[in-house]
>>> print(open('data-v7.csv').read())   # CSV, C-alpha atoms
chain,number,residue,atom,x,y,z
A,13,MET,CA,91.3,98.6,122.8
A,14,ASP,CA,87.7,97.7,123.4
A,15,ARG,CA,87.7,95.0,120.7
A,16,MET,CA,90.9,93.0,120.9
A,17,PRO,CA,91.9,91.8,117.4
A,18,GLY,CA,92.5,88.2,116.7
A,19,LYS,CA,94.8,88.8,113.8
A,20,LEU,CA,96.3,92.2,112.9
A,21,LEU,CA,97.7,93.0,109.5
A,22,ILE,CA,100.0,96.1,109.3
A,23,VAL,CA,100.5,97.4,105.7
A,24,VAL,CA,103.2,100.0,105.1
A,25,ALA,CA,105.3,101.4,102.2
A,26,HIS,CA,108.6,101.5,104.0
A,27,GLY,CA,110.4,99.7,106.8
A,28,ASP,CA,110.2,102.0,109.9
A,29,ASP,CA,106.7,103.2,109.1
A,30,GLU,CA,105.2,100.4,111.2
A,31,THR,CA,107.5,101.3,114.1
A,32,LEU,CA,107.0,105.0,114.0
A,33,GLY,CA,103.3,104.8,113.5
A,34,ALA,CA,102.2,101.9,115.8
A,35,GLY,CA,105.3,100.4,117.4
A,36,ALA,CA,104.1,100.7,121.0
A,37,THR,CA,100.6,99.5,120.2
A,38,THR,CA,102.0,96.5,118.3
A,39,ALA,CA,104.2,95.6,121.3
A,40,LYS,CA,101.2,95.9,123.5
A,41,LEU,CA,99.1,93.6,121.3
A,42,THR,CA,101.7,90.9,120.7
A,43,GLU,CA,102.3,90.8,124.4
A,44,ALA,CA,98.6,90.1,124.8
A,45,GLY,CA,98.9,87.2,122.3
A,46,VAL,CA,97.6,88.9,119.2
A,47,GLN,CA,99.0,87.4,115.9
A,48,VAL,CA,100.5,90.2,113.8
A,49,SER,CA,101.6,90.1,110.1
A,50,LEU,CA,103.6,92.9,108.6
A,51,LEU,CA,103.5,93.6,104.9
A,52,VAL,CA,106.2,96.1,103.6
A,53,LEU,CA,106.0,97.1,100.0
A,54,THR,CA,109.5,98.5,99.5
A,55,ASN,CA,112.9,97.0,100.5
A,56,ASP,CA,115.3,100.0,100.3
A,57,ASP,CA,115.8,103.6,101.1
A,58,GLY,CA,116.3,104.7,97.5
A,59,SER,CA,115.0,108.3,98.0
A,60,ARG,CA,118.3,108.9,99.8
A,61,SER,CA,120.1,108.7,96.5
A,62,ALA,CA,118.6,112.0,95.5
A,63,MET,CA,120.5,113.5,98.4
A,64,GLY,CA,123.8,111.9,97.4
A,65,GLN,CA,123.6,109.3,100.1
A,66,ARG,CA,124.2,105.5,99.8
A,67,VAL,CA,121.1,103.4,99.2
A,68,THR,CA,120.8,100.5,101.6
A,69,ASN,CA,118.6,97.5,101.7
A,70,ARG,CA,116.3,97.5,104.7
A,71,VAL,CA,115.3,93.8,104.8
A,72,SER,CA,117.4,92.8,107.8
A,73,ALA,CA,116.5,95.9,109.7
A,74,ILE,CA,112.8,95.3,109.1
A,75,GLU,CA,113.1,91.7,110.4
A,76,ARG,CA,115.1,92.8,113.5
A,77,ALA,CA,112.6,95.5,114.3
A,78,ALA,CA,109.7,93.2,113.8
A,79,LYS,CA,111.2,90.6,116.2
A,80,ILE,CA,111.6,93.3,118.9
A,81,LEU,CA,107.9,94.2,118.5
A,82,GLY,CA,106.8,90.6,118.6
A,83,ILE,CA,105.8,90.3,115.0
A,84,GLU,CA,106.2,86.8,113.8
A,85,ARG,CA,105.1,87.0,110.2
A,86,VAL,CA,106.9,89.5,107.9
A,87,GLY,CA,106.4,89.9,104.1
A,88,ILE,CA,108.7,92.3,102.2
A,89,ARG,CA,108.2,93.2,98.5
A,90,GLU,CA,110.9,94.5,96.3
A,91,PHE,CA,109.5,97.8,95.0
A,92,GLY,CA,111.7,100.9,95.2
A,93,ASP,CA,111.4,103.5,97.9
A,94,ASN,CA,109.6,106.6,96.7
A,95,ARG,CA,108.7,104.9,93.4
A,96,LEU,CA,105.4,103.2,94.1
A,97,ASP,CA,103.6,105.7,91.8
A,98,ALA,CA,105.4,103.9,89.0
A,99,GLU,CA,103.3,100.8,89.7
A,100,SER,CA,99.6,100.5,89.0
A,101,GLN,CA,97.2,100.9,91.9
A,102,LEU,CA,95.6,97.7,90.8
A,103,GLU,CA,98.9,95.8,91.3
A,104,LEU,CA,99.3,97.2,94.8
A,105,ASN,CA,95.7,96.3,95.6
A,106,ARG,CA,96.3,92.7,94.5
A,107,ILE,CA,99.4,92.3,96.7
A,108,VAL,CA,97.5,93.5,99.8
A,109,GLU,CA,94.4,91.5,98.9
A,110,ARG,CA,96.6,88.4,98.6
A,111,GLU,CA,97.9,88.9,102.1
A,112,VAL,CA,94.4,89.5,103.4
A,113,ARG,CA,93.3,86.2,101.8
A,114,ASP,CA,96.3,84.3,103.2
A,115,PHE,CA,96.5,85.7,106.7
A,116,ARG,CA,92.8,86.4,107.2
A,117,PRO,CA,93.1,89.4,109.5
A,118,ASP,CA,90.2,91.0,111.3
A,119,THR,CA,92.1,94.3,111.8
A,120,ILE,CA,94.3,96.4,109.5
A,121,PHE,CA,96.7,99.2,110.5
A,122,THR,CA,98.1,101.4,107.7
A,123,THR,CA,99.4,104.8,106.9
A,124,SER,CA,97.3,108.0,106.7
A,125,MET,CA,96.1,109.7,103.5
A,126,SER,CA,97.2,112.9,105.3
A,127,ASP,CA,100.9,112.0,104.7
A,128,LEU,CA,102.8,114.0,102.1
A,129,SER,CA,104.5,110.8,100.9
A,130,MET,CA,102.8,109.4,97.8
A,131,ASP,CA,104.0,106.0,98.7
A,132,HIS,CA,102.1,106.2,102.0
A,133,GLN,CA,98.9,107.4,100.2
A,134,LEU,CA,99.0,104.6,97.6
A,135,VAL,CA,99.5,101.9,100.3
A,136,SER,CA,96.8,103.4,102.5
A,137,ARG,CA,94.4,103.2,99.5
A,138,ALA,CA,95.4,99.6,98.8
A,139,ALA,CA,94.8,98.6,102.4
A,140,ARG,CA,91.4,100.2,102.4
A,141,ILE,CA,90.4,98.4,99.2
A,142,ALA,CA,91.7,95.0,100.4
A,143,GLY,CA,89.7,95.4,103.6
A,144,ARG,CA,86.5,96.6,102.1
A,145,PRO,CA,83.2,95.2,103.5
A,146,GLY,CA,81.9,92.1,101.8
A,147,ARG,CA,85.2,91.2,100.3
A,148,SER,CA,87.1,90.3,103.5
A,149,GLY,CA,86.7,89.5,107.1
A,150,VAL,CA,88.3,92.8,108.2
A,151,ARG,CA,86.2,94.4,110.9
A,152,GLU,CA,88.4,97.3,111.8
A,153,ILE,CA,90.8,99.6,109.9
A,154,ARG,CA,93.0,102.2,111.5
A,155,CYS,CA,95.4,104.7,110.1
A,156,PHE,CA,98.4,105.9,112.1
A,157,GLU,CA,100.6,109.0,112.0
A,158,THR,CA,104.1,108.6,110.6
A,159,ARG,CA,106.1,111.6,111.7
A,160,SER,CA,107.7,113.2,109.7
A,161,ALA,CA,105.6,112.3,106.7
A,162,THR,CA,102.4,113.4,108.5
A,163,ASP,CA,104.1,116.6,109.7
A,164,CYS,CA,105.1,117.5,106.2
A,165,GLY,CA,101.6,116.8,104.9
A,166,GLU,CA,100.1,119.2,107.5
A,167,ALA,CA,102.7,121.8,106.7
A,168,SER,CA,102.0,121.5,103.0
A,169,GLY,CA,98.3,122.1,103.1
A,170,LEU,CA,97.0,118.5,103.0
A,171,PRO,CA,94.1,117.5,105.2
A,172,THR,CA,95.3,117.3,108.8
A,173,PHE,CA,95.7,114.0,110.5
A,174,ALA,CA,92.6,113.8,112.6
A,175,PRO,CA,92.8,111.1,115.4
A,176,ASN,CA,89.6,109.8,116.8
A,177,CYS,CA,91.1,106.8,118.6
A,178,TRP,CA,93.8,106.7,121.2
A,179,GLU,CA,95.6,103.5,122.3
A,180,VAL,CA,97.0,103.8,125.8
A,181,VAL,CA,100.5,102.1,126.0
A,182,GLY,CA,102.8,101.5,128.9
A,183,ALA,CA,106.4,102.7,129.4
A,184,SER,CA,107.7,99.2,128.4
A,185,HIS,CA,105.8,99.3,125.1
A,186,LEU,CA,107.3,102.7,124.3
A,187,GLU,CA,110.8,101.4,125.1
A,188,ARG,CA,110.3,98.5,122.7
A,189,LYS,CA,109.2,100.9,120.0
A,190,ILE,CA,112.3,103.0,120.5
A,191,GLU,CA,114.5,99.9,120.6
A,192,ALA,CA,112.9,98.7,117.3
A,193,LEU,CA,113.4,102.1,115.7
A,194,ARG,CA,117.1,102.0,116.5
A,195,GLU,CA,117.4,99.0,114.2
A,196,TYR,CA,116.9,101.4,111.3
A,197,GLY,CA,120.1,103.2,112.0
A,198,GLN,CA,120.4,106.4,109.9
A,199,GLU,CA,116.6,106.7,109.9
A,200,VAL,CA,116.8,107.8,113.5
A,201,GLU,CA,117.6,111.5,113.4
A,202,ASN,CA,118.7,114.1,116.0
A,203,TRP,CA,116.3,116.3,118.0
A,204,PRO,CA,114.4,118.4,117.1
A,205,SER,CA,113.4,116.0,114.3
A,206,PRO,CA,110.2,114.1,115.0
A,207,ARG,CA,112.1,110.9,114.0
A,208,SER,CA,114.5,111.3,116.9
A,209,GLU,CA,114.2,109.3,120.1
A,210,ARG,CA,113.2,112.4,122.0
A,211,GLY,CA,110.6,113.2,119.3
A,212,VAL,CA,109.1,109.8,119.6
A,213,ARG,CA,108.8,110.1,123.4
A,214,ALA,CA,107.4,113.6,123.1
A,215,LEU,CA,104.7,112.5,120.7
A,216,ALA,CA,103.7,109.5,123.0
A,217,GLU,CA,103.5,111.9,125.9
A,218,TYR,CA,101.5,114.5,123.9
A,219,ARG,CA,99.0,111.9,122.7
A,220,GLY,CA,98.8,110.5,126.2
A,221,SER,CA,98.1,114.0,127.7
A,222,GLN,CA,95.2,114.4,125.3
A,223,ILE,CA,93.4,111.6,127.2
A,224,THR,CA,95.0,112.2,130.6
A,225,GLU,CA,97.3,109.2,130.3
A,226,GLU,CA,101.1,109.0,130.5
A,227,PHE,CA,101.6,107.5,127.0
A,228,ALA,CA,99.4,106.8,124.0
A,229,GLU,CA,99.4,106.4,120.2
A,230,ALA,CA,96.8,108.1,118.1
A,231,PHE,CA,94.8,106.7,115.1
A,232,GLU,CA,92.2,107.6,112.6
A,233,LEU,CA,89.6,104.9,113.1
A,234,LEU,CA,88.0,104.4,109.6
A,235,ARG,CA,85.7,101.5,110.4
A,236,THR,CA,84.9,99.2,113.3
A,237,VAL,CA,82.3,96.5,113.4
A,238,ARG,CA,81.3,95.1,116.8
>>> encode(input="data-v7.csv", output="structure tokens")
Amino acid sequence: MDRMPGKLLIVVAHGDDETLGAGATTAKLTEAGVQVSLLVLTNDDGSRSAMGQRVTNRVSAIERAAKILGIERVGIREFGDNRLDAESQLELNRIVEREVRDFRPDTIFTTSMSDLSMDHQLVSRAARIAGRPGRSGVREIRCFETRSATDCGEASGLPTFAPNCWEVVGASHLERKIEALREYGQEVENWPSPRSERGVRALAEYRGSQITEEFAEAFELLRTVR
């Protein structure tokens, strides 16, 4: 990372998005002393009820995963999973804007507009609005890939996730990412799911191979000011 952030705000719809998308990078940055705040807009996995599965509250899992990644500040709102489209975009914007005012980050990480999940798209839009020039001190915004939501978007004809920024991470950072992901229990699936431990490792290896490194995470860099 050419420009080391002073304060990083990660804005996601669901607990586990932050880990799948940027867990290794987050571990690397917190290890280097960067302050990180995590804002999660939903607190359950309610979409599982449509599949006849028990709905669980993710608050404790989010907090445990954040601790493993070195995140000290965690904010969790109480919207329902897969139901953010029932809320106004204005309300979502205000929540993220409030966190930007309170935490005063210079960098934001969030989900990609390429994801099939409407929750991800709405949160990504809110993060971009909250970090717009002239209304915040945010100097860099990145979007990360959240496999399998990004995979499904690509397979459904949405614009493809197009990385233009790669963060080299070490084996220890990748291990912390996988350790944090395990805190989400049933969200970790079996291979060949991209949400499996093997899938997470394979993606880190693939992104690393693109830049002739062992491991990396990829991002869409929307804006950087130096």
>>> atom_distance(input="data-v7.csv", atom1="atom CA of A:Arg154", atom2="atom CA of A:Glu43")
19.6 Å
>>> closest_residue(input="data-v7.csv", among="A:Met125, A:Ala161, A:Met16, A:Ile107", to="A:Ala142", atoms="all atoms listed in the file")
A:Ile107
>>> atom_distance(input="data-v7.csv", atom1="atom CA of A:Ala34", atom2="atom CA of A:Arg113")
22.8 Å
>>> residues_around(input="data-v7.csv", residues="stretch 74-77 of chain A", least_positions_apart="4", cutoff="8 Å", atoms="all atoms listed in the file", output="PyMOL selection string")
chain A and resi 27-28+31+70+81+86+191-193+195-196
>>> write_last_selection(input="data-v7.csv", atoms="C-alpha atoms", output="PDB file, in the coordinates of the input")
ATOM      1  CA  GLY A  27     110.400  99.700 106.800  1.00  0.00           C
ATOM      2  CA  ASP A  28     110.200 102.000 109.900  1.00  0.00           C
ATOM      3  CA  THR A  31     107.500 101.300 114.100  1.00  0.00           C
ATOM      4  CA  ARG A  70     116.300  97.500 104.700  1.00  0.00           C
ATOM      5  CA  LEU A  81     107.900  94.200 118.500  1.00  0.00           C
ATOM      6  CA  VAL A  86     106.900  89.500 107.900  1.00  0.00           C
ATOM      7  CA  GLU A 191     114.500  99.900 120.600  1.00  0.00           C
ATOM      8  CA  ALA A 192     112.900  98.700 117.300  1.00  0.00           C
ATOM      9  CA  LEU A 193     113.400 102.100 115.700  1.00  0.00           C
ATOM     10  CA  GLU A 195     117.400  99.000 114.200  1.00  0.00           C
ATOM     11  CA  TYR A 196     116.900 101.400 111.300  1.00  0.00           C
TER      12      TYR A 196
END
>>> atom_distance(input="data-v7.csv", atom1="atom CA of A:Asp127", atom2="atom CA of A:Phe156")
9.9 Å
>>> residues_near_point(input="data-v7.csv", point="(98.6, 101.5, 119.9)", cutoff="12 Å", atoms="all atoms listed in the file", output="JSON, numbers by chain")
{"A": [13, 16, 20, 22, 30, 31, 32, 33, 34, 35, 36, 37, 38, 39, 40, 41, 42, 81, 121, 154, 155, 156, 157, 177, 178, 179, 180, 181, 182, 185, 186, 189, 216, 219, 220, 227, 228, 229, 230, 231, 232, 233]}
>>> closest_residue(input="data-v7.csv", among="A:Pro117, A:Ala44, A:Arg213, A:Thr172", to="A:Ile153", atoms="only C-alpha atoms")
A:Pro117
>>> closest_residue(input="data-v7.csv", among="A:Leu104, A:Ile88, A:Val24, A:Val52", to="A:Thr123", atoms="only C-alpha atoms")
A:Val24
>>> closest_residue(input="data-v7.csv", among="A:Thr162, A:Ser168, A:Ile83, A:Val108", to="A:Ile141", atoms="only C-alpha atoms")
A:Val108
>>> residues_around(input="data-v7.csv", residues="stretch 207-211 of chain A", least_positions_apart="4", cutoff="8 Å", atoms="only C-alpha atoms", output="list in words")
Leu32, Arg159, Ser160, Ile190, Glu199, Val200, Glu201, Asn202, Trp203 and Leu215 of chain A
>>> residues_around(input="data-v7.csv", residues="A:Arg147", least_positions_apart="2", cutoff="12 Å", atoms="all atoms listed in the file", output="number ranges by chain")
A: 109-110, 112-113, 116, 140-145, 149-151
>>> axis_aligned_box(input="data-v7.csv", around="stretch 177-184 of chain A", padding_each_side="6 Å", output="AutoDock Vina command-line options")
--center_x 99.4 --center_y 103.0 --center_z 124.0 --size_x 28.6 --size_y 19.6 --size_z 22.8
>>> residues_around(input="data-v7.csv", residues="A:Val23", least_positions_apart="2", cutoff="7 Å", atoms="all atoms listed in the file", output="count of residues only")
7
>>> build_atoms(input="data-v7.csv", residues="stretch 83-94 of chain A", atoms="all heavy atoms", output="PDB file, in the coordinates of the input")
ATOM      1  N   ILE A  83     106.403  90.710 116.231  1.00  0.00           N
ATOM      2  CA  ILE A  83     105.800  90.300 115.000  1.00  0.00           C
ATOM      3  C   ILE A  83     106.437  89.077 114.433  1.00  0.00           C
ATOM      4  O   ILE A  83     107.643  89.070 114.181  1.00  0.00           O
ATOM      5  CB  ILE A  83     105.882  91.474 113.939  1.00  0.00           C
ATOM      6  CG1 ILE A  83     105.228  92.744 114.472  1.00  0.00           C
ATOM      7  CG2 ILE A  83     105.268  91.062 112.599  1.00  0.00           C
ATOM      8  CD1 ILE A  83     105.493  93.979 113.623  1.00  0.00           C
ATOM      9  N   GLU A  84     105.667  88.034 114.218  1.00  0.00           N
ATOM     10  CA  GLU A  84     106.200  86.800 113.800  1.00  0.00           C
ATOM     11  C   GLU A  84     106.176  86.550 112.283  1.00  0.00           C
ATOM     12  O   GLU A  84     106.980  85.794 111.726  1.00  0.00           O
ATOM     13  CB  GLU A  84     105.512  85.617 114.505  1.00  0.00           C
ATOM     14  CG  GLU A  84     105.704  85.630 116.017  1.00  0.00           C
ATOM     15  CD  GLU A  84     105.046  84.450 116.700  1.00  0.00           C
ATOM     16  OE1 GLU A  84     104.404  83.640 116.004  1.00  0.00           O
ATOM     17  OE2 GLU A  84     105.172  84.334 117.936  1.00  0.00           O
ATOM     18  N   ARG A  85     105.252  87.206 111.610  1.00  0.00           N
ATOM     19  CA  ARG A  85     105.100  87.000 110.200  1.00  0.00           C
ATOM     20  C   ARG A  85     105.441  88.317 109.444  1.00  0.00           C
ATOM     21  O   ARG A  85     104.840  89.364 109.715  1.00  0.00           O
ATOM     22  CB  ARG A  85     103.624  86.625 109.880  1.00  0.00           C
ATOM     23  CG  ARG A  85     103.265  86.428 108.416  1.00  0.00           C
ATOM     24  CD  ARG A  85     101.775  86.195 108.284  1.00  0.00           C
ATOM     25  NE  ARG A  85     101.312  86.196 106.899  1.00  0.00           N
ATOM     26  CZ  ARG A  85     100.937  85.126 106.228  1.00  0.00           C
ATOM     27  NH1 ARG A  85     100.960  83.941 106.821  1.00  0.00           N
ATOM     28  NH2 ARG A  85     100.521  85.211 104.980  1.00  0.00           N
ATOM     29  N   VAL A  86     106.419  88.260 108.560  1.00  0.00           N
ATOM     30  CA  VAL A  86     106.900  89.500 107.900  1.00  0.00           C
ATOM     31  C   VAL A  86     106.974  89.171 106.365  1.00  0.00           C
ATOM     32  O   VAL A  86     107.603  88.192 105.944  1.00  0.00           O
ATOM     33  CB  VAL A  86     108.268  89.906 108.377  1.00  0.00           C
ATOM     34  CG1 VAL A  86     108.749  91.143 107.608  1.00  0.00           C
ATOM     35  CG2 VAL A  86     108.227  90.197 109.876  1.00  0.00           C
ATOM     36  N   GLY A  87     106.339  90.010 105.563  1.00  0.00           N
ATOM     37  CA  GLY A  87     106.400  89.900 104.100  1.00  0.00           C
ATOM     38  C   GLY A  87     106.986  91.209 103.556  1.00  0.00           C
ATOM     39  O   GLY A  87     106.497  92.292 103.896  1.00  0.00           O
ATOM     40  N   ILE A  88     108.034  91.113 102.726  1.00  0.00           N
ATOM     41  CA  ILE A  88     108.700  92.300 102.200  1.00  0.00           C
ATOM     42  C   ILE A  88     108.723  92.193 100.665  1.00  0.00           C
ATOM     43  O   ILE A  88     109.282  91.240 100.113  1.00  0.00           O
ATOM     44  CB  ILE A  88     110.109  92.462 102.737  1.00  0.00           C
ATOM     45  CG1 ILE A  88     110.082  92.484 104.275  1.00  0.00           C
ATOM     46  CG2 ILE A  88     110.753  93.745 102.206  1.00  0.00           C
ATOM     47  CD1 ILE A  88     111.448  92.354 104.913  1.00  0.00           C
ATOM     48  N   ARG A  89     108.114  93.132  99.978  1.00  0.00           N
ATOM     49  CA  ARG A  89     108.200  93.200  98.500  1.00  0.00           C
ATOM     50  C   ARG A  89     109.363  93.957  98.056  1.00  0.00           C
ATOM     51  O   ARG A  89     110.022  94.621  98.849  1.00  0.00           O
ATOM     52  CB  ARG A  89     106.852  93.738  97.958  1.00  0.00           C
ATOM     53  CG  ARG A  89     105.617  92.945  98.366  1.00  0.00           C
ATOM     54  CD  ARG A  89     105.687  91.500  97.852  1.00  0.00           C
ATOM     55  NE  ARG A  89     104.525  90.719  98.270  1.00  0.00           N
ATOM     56  CZ  ARG A  89     104.490  89.936  99.338  1.00  0.00           C
ATOM     57  NH1 ARG A  89     105.568  89.836 100.106  1.00  0.00           N
ATOM     58  NH2 ARG A  89     103.417  89.251  99.649  1.00  0.00           N
ATOM     59  N   GLU A  90     109.646  93.941  96.764  1.00  0.00           N
ATOM     60  CA  GLU A  90     110.900  94.500  96.300  1.00  0.00           C
ATOM     61  C   GLU A  90     110.700  95.762  95.428  1.00  0.00           C
ATOM     62  O   GLU A  90     111.514  96.080  94.560  1.00  0.00           O
ATOM     63  CB  GLU A  90     111.655  93.454  95.476  1.00  0.00           C
ATOM     64  CG  GLU A  90     112.052  92.260  96.335  1.00  0.00           C
ATOM     65  CD  GLU A  90     112.824  91.206  95.576  1.00  0.00           C
ATOM     66  OE1 GLU A  90     112.921  91.329  94.333  1.00  0.00           O
ATOM     67  OE2 GLU A  90     113.330  90.269  96.225  1.00  0.00           O
ATOM     68  N   PHE A  91     109.655  96.519  95.689  1.00  0.00           N
ATOM     69  CA  PHE A  91     109.500  97.800  95.000  1.00  0.00           C
ATOM     70  C   PHE A  91     110.490  98.799  95.556  1.00  0.00           C
ATOM     71  O   PHE A  91     110.987  98.652  96.673  1.00  0.00           O
ATOM     72  CB  PHE A  91     108.066  98.322  95.175  1.00  0.00           C
ATOM     73  CG  PHE A  91     107.012  97.452  94.541  1.00  0.00           C
ATOM     74  CD1 PHE A  91     106.076  96.798  95.324  1.00  0.00           C
ATOM     75  CD2 PHE A  91     106.963  97.287  93.165  1.00  0.00           C
ATOM     76  CE1 PHE A  91     105.102  95.998  94.752  1.00  0.00           C
ATOM     77  CE2 PHE A  91     105.988  96.480  92.577  1.00  0.00           C
ATOM     78  CZ  PHE A  91     105.061  95.836  93.375  1.00  0.00           C
ATOM     79  N   GLY A  92     110.760  99.850  94.776  1.00  0.00           N
ATOM     80  CA  GLY A  92     111.700 100.900  95.200  1.00  0.00           C
ATOM     81  C   GLY A  92     111.070 101.953  96.049  1.00  0.00           C
ATOM     82  O   GLY A  92     109.938 102.369  95.792  1.00  0.00           O
ATOM     83  N   ASP A  93     111.811 102.405  97.042  1.00  0.00           N
ATOM     84  CA  ASP A  93     111.400 103.500  97.900  1.00  0.00           C
ATOM     85  C   ASP A  93     111.089 104.750  97.039  1.00  0.00           C
ATOM     86  O   ASP A  93     111.857 105.098  96.145  1.00  0.00           O
ATOM     87  CB  ASP A  93     112.474 103.802  98.912  1.00  0.00           C
ATOM     88  CG  ASP A  93     112.235 105.066  99.708  1.00  0.00           C
ATOM     89  OD1 ASP A  93     111.065 105.383  99.986  1.00  0.00           O
ATOM     90  OD2 ASP A  93     113.220 105.741 100.050  1.00  0.00           O
ATOM     91  N   ASN A  94     109.973 105.392  97.329  1.00  0.00           N
ATOM     92  CA  ASN A  94     109.600 106.600  96.700  1.00  0.00           C
ATOM     93  C   ASN A  94     109.256 106.425  95.184  1.00  0.00           C
ATOM     94  O   ASN A  94     109.244 107.390  94.413  1.00  0.00           O
ATOM     95  CB  ASN A  94     110.691 107.688  96.802  1.00  0.00           C
ATOM     96  CG  ASN A  94     110.132 109.084  96.988  1.00  0.00           C
ATOM     97  OD1 ASN A  94     109.094 109.269  97.616  1.00  0.00           O
ATOM     98  ND2 ASN A  94     110.807 110.073  96.439  1.00  0.00           N
TER      99      ASN A  94
END
